[in-house]
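Worksheet: one structure, shown below.
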Amino acid sequence: MKARKAFLWIGVAALLLLSLYFAVRAAFPCPHREIVSSLNVDASLVYSVAKTESGFDEKAVSHAGAVGLMQLLPSTAKFICDREHIVYEEARLTDGAYNLKLGCLYLSYLLAKFGATQTALAAYNAGEGTVRDWLSDPSCSDDGVHLRRIPYPETERYVKKIGKIRKIYEFFY
């Protein structure tokens with residue numbers, strides 16, 4: 001009888017863990033994996049940005065005019081398209097695959113330009129010029145590469161949130 005109860009509890013626990021696993025994967029999706037995996041950027045970082053930026057709403061438009069999964073400003077999307085020799089189509093910014101590709105390319109650009117993930121994420125949120133100013137300010141950066149302090153509370157929360165979400169992606173995927 002004891003063995004039977006133990007077996008039942010193990011089955012219930014396994015079912016609960018499996019349910020949790022699938023619930024987390026549903027809450028933290030990985031759309032258009034083939035696009036993300038074809039580009040040279042960490043998938044957990046890309047999906048963490050998309051989750052933070054739009055909650056995976058392909059049609060999302062911010063008050064600032066940023067559009068789609070990766071919340072790209074049309075001017076940023078155009079810049080990346082010109083840089084990567086991709087046809088720019090503003091109407092396609094709400095197309096998940098197109099937006100995610102451009103967002104990955106922009107994130108790769110920022111990572112290459114700034115060299116540190118936290119700095120690149122701050123630039124994704126606050127803009128390149130703003131982050132360049134922070135890097136040249138001794139109260140924000142000791143080495144001109146890493147941010148010791150992020151002056152904008154919104155950007156500081158943004159970078160921290162992506163870090164937390166990224167840990168979930170790394171654990172479950």
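Chains: A, B, ... in order of the structure tokens. Residues: from 1 per chain. Ligands: from 1, in order shown.
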(message) Would you pick out the contacts of Pro153 of chain A at 12 Å or less, using only C-alpha atoms, so that residues sharing its chain but fewer than 6 positions from it are not included, and give the list as a ChimeraX atom specification?
(response) /A:122,125-126,159-160
(message) Please list as a list in words every residue within 7 Å of segment 102-106 of chain A, counting only C-alpha atoms and excluding residues in the same chain fewer than 6 positions away.
(response)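 Result of the neighbour search: Val41, Val46, Met70, Leu72, Ala77 and Ile80 of chain A.
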Same residues, N, CA and C atoms, saved as a compact mmCIF listing (two decimals), in the first residue's frame:
```
# COMPACT_ATOMS: atom_id res chain seq x y z
N VAL A 41 23.80 35.60 -33.50
CA VAL A 41 23.42 36.26 -32.24
C VAL A 41 22.78 35.22 -31.32
N VAL A 46 18.08 37.28 -28.00
CA VAL A 46 17.09 37.79 -28.96
C VAL A 46 15.68 37.62 -28.41
N MET A 70 10.38 43.17 -32.22
CA MET A 70 11.62 43.72 -31.66
C MET A 70 11.52 45.23 -31.44
N LEU A 72 11.20 48.01 -33.41
CA LEU A 72 12.16 48.80 -34.18
C LEU A 72 11.52 50.10 -34.66
N ALA A 77 15.19 50.44 -38.57
CA ALA A 77 15.01 49.34 -39.53
C ALA A 77 15.61 49.71 -40.88
N ILE A 80 19.44 49.51 -40.72
CA ILE A 80 19.92 48.13 -40.78
C ILE A 80 19.76 47.56 -42.17
```
(request) Could you check which of A:Lys78, A:Arg157, A:Arg166, A:Lys2 is closest to Ala50 of chain A, using only C-alpha atoms? (result)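 Ranking A:Lys78, A:Arg157, A:Arg166, A:Lys2 by distance to Ala50 of chain A, first place goes to A:Arg166.
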(request) Quick one: pick out all alpha helix (DSSP H) residues within segment 13-131 of chain A from a backbone DSSP run and write them as a PyMOL selection string. (result) chain A and resi 13-27+33-38+43-54+74-84+96-114+117-126+128-131
If you keep C-alpha atoms, can you produce a file of those selected residues as a short mmCIF file (atom, residue, chain, number, x, y, z; two decimals), in the first residue's frame?
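Below is the file selection_32.cif, written as the result:
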```
data_model
loop_
_atom_site.label_atom_id
_atom_site.label_comp_id
_atom_site.auth_asym_id
_atom_site.auth_seq_id
_atom_site.Cartn_x
_atom_site.Cartn_y
_atom_site.Cartn_z
CA ALA A 13 4.73 15.29 -9.14
CA ALA A 14 5.92 14.31 -12.61
CA LEU A 15 2.65 15.51 -14.12
CA LEU A 16 2.93 18.83 -12.29
CA LEU A 17 6.52 19.33 -13.42
CA LEU A 18 5.62 18.48 -16.99
CA SER A 19 2.69 20.93 -16.85
CA LEU A 20 4.99 23.63 -15.48
CA TYR A 21 7.54 22.93 -18.20
CA PHE A 22 4.96 23.34 -20.97
CA ALA A 23 3.40 26.42 -19.32
CA VAL A 24 6.78 28.14 -19.15
CA ARG A 25 7.57 27.23 -22.76
CA ALA A 26 4.20 28.67 -23.80
CA ALA A 27 4.90 31.90 -21.89
CA ARG A 33 13.82 29.83 -34.81
CA GLU A 34 15.26 29.21 -38.27
CA ILE A 35 15.86 32.94 -38.74
CA VAL A 36 17.40 33.46 -35.32
CA SER A 37 19.64 30.39 -35.64
CA SER A 38 20.84 31.51 -39.09
CA ALA A 43 18.94 33.14 -29.34
CA SER A 44 18.25 33.51 -25.61
CA LEU A 45 19.24 37.18 -25.87
CA VAL A 46 17.09 37.79 -28.96
CA TYR A 47 14.01 36.17 -27.44
CA SER A 48 14.55 38.00 -24.16
CA VAL A 49 14.59 41.31 -26.04
CA ALA A 50 11.45 40.39 -28.01
CA LYS A 51 9.64 39.27 -24.83
CA THR A 52 10.59 42.52 -23.08
CA GLU A 53 9.93 44.80 -26.03
CA SER A 54 6.61 43.51 -27.33
CA PRO A 74 11.31 52.68 -38.88
CA SER A 75 14.52 54.76 -39.09
CA THR A 76 16.47 52.03 -37.27
CA ALA A 77 15.01 49.34 -39.53
CA LYS A 78 15.94 51.40 -42.60
CA PHE A 79 19.47 51.89 -41.26
CA ILE A 80 19.92 48.13 -40.78
CA CYS A 81 18.43 47.34 -44.18
CA ASP A 82 20.79 49.81 -45.88
CA ARG A 83 23.75 48.45 -43.90
CA GLU A 84 22.92 44.80 -44.69
CA GLY A 96 7.21 38.77 -37.33
CA ALA A 97 9.88 37.08 -39.43
CA TYR A 98 11.01 40.30 -41.14
CA ASN A 99 11.00 42.30 -37.90
CA LEU A 100 12.85 39.59 -35.98
CA LYS A 101 15.52 39.35 -38.69
CA LEU A 102 16.10 43.10 -38.66
CA GLY A 103 16.06 43.14 -34.84
CA CYS A 104 18.67 40.36 -34.72
CA LEU A 105 20.85 42.22 -37.18
CA TYR A 106 20.53 45.43 -35.19
CA LEU A 107 21.33 43.65 -31.94
CA SER A 108 24.39 42.04 -33.60
CA TYR A 109 25.48 45.46 -34.81
CA LEU A 110 25.19 46.92 -31.30
CA LEU A 111 27.01 43.99 -29.72
CA ALA A 112 29.87 44.39 -32.21
CA LYS A 113 29.94 48.16 -31.77
CA PHE A 114 29.85 48.27 -27.97
CA THR A 117 26.05 42.84 -23.79
CA GLN A 118 24.75 45.17 -21.08
CA THR A 119 26.04 48.19 -23.00
CA ALA A 120 24.50 46.98 -26.26
CA LEU A 121 21.15 46.41 -24.52
CA ALA A 122 21.29 49.90 -23.03
CA ALA A 123 21.90 51.26 -26.55
CA TYR A 124 18.99 49.20 -27.90
CA ASN A 125 16.76 50.94 -25.37
CA ALA A 126 18.21 54.43 -24.95
CA GLU A 128 23.57 54.73 -29.44
CA GLY A 129 24.36 58.40 -28.92
CA THR A 130 23.06 58.40 -25.37
CA VAL A 131 25.12 55.34 -24.49
#
```
(message) My list of candidates is A:Asp95, A:Glu170, A:Asp142, A:Glu154. Which is closest to Glu58 of chain A when distances are computed with only C-alpha atoms?
(response)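 Closest candidate: A:Asp95.
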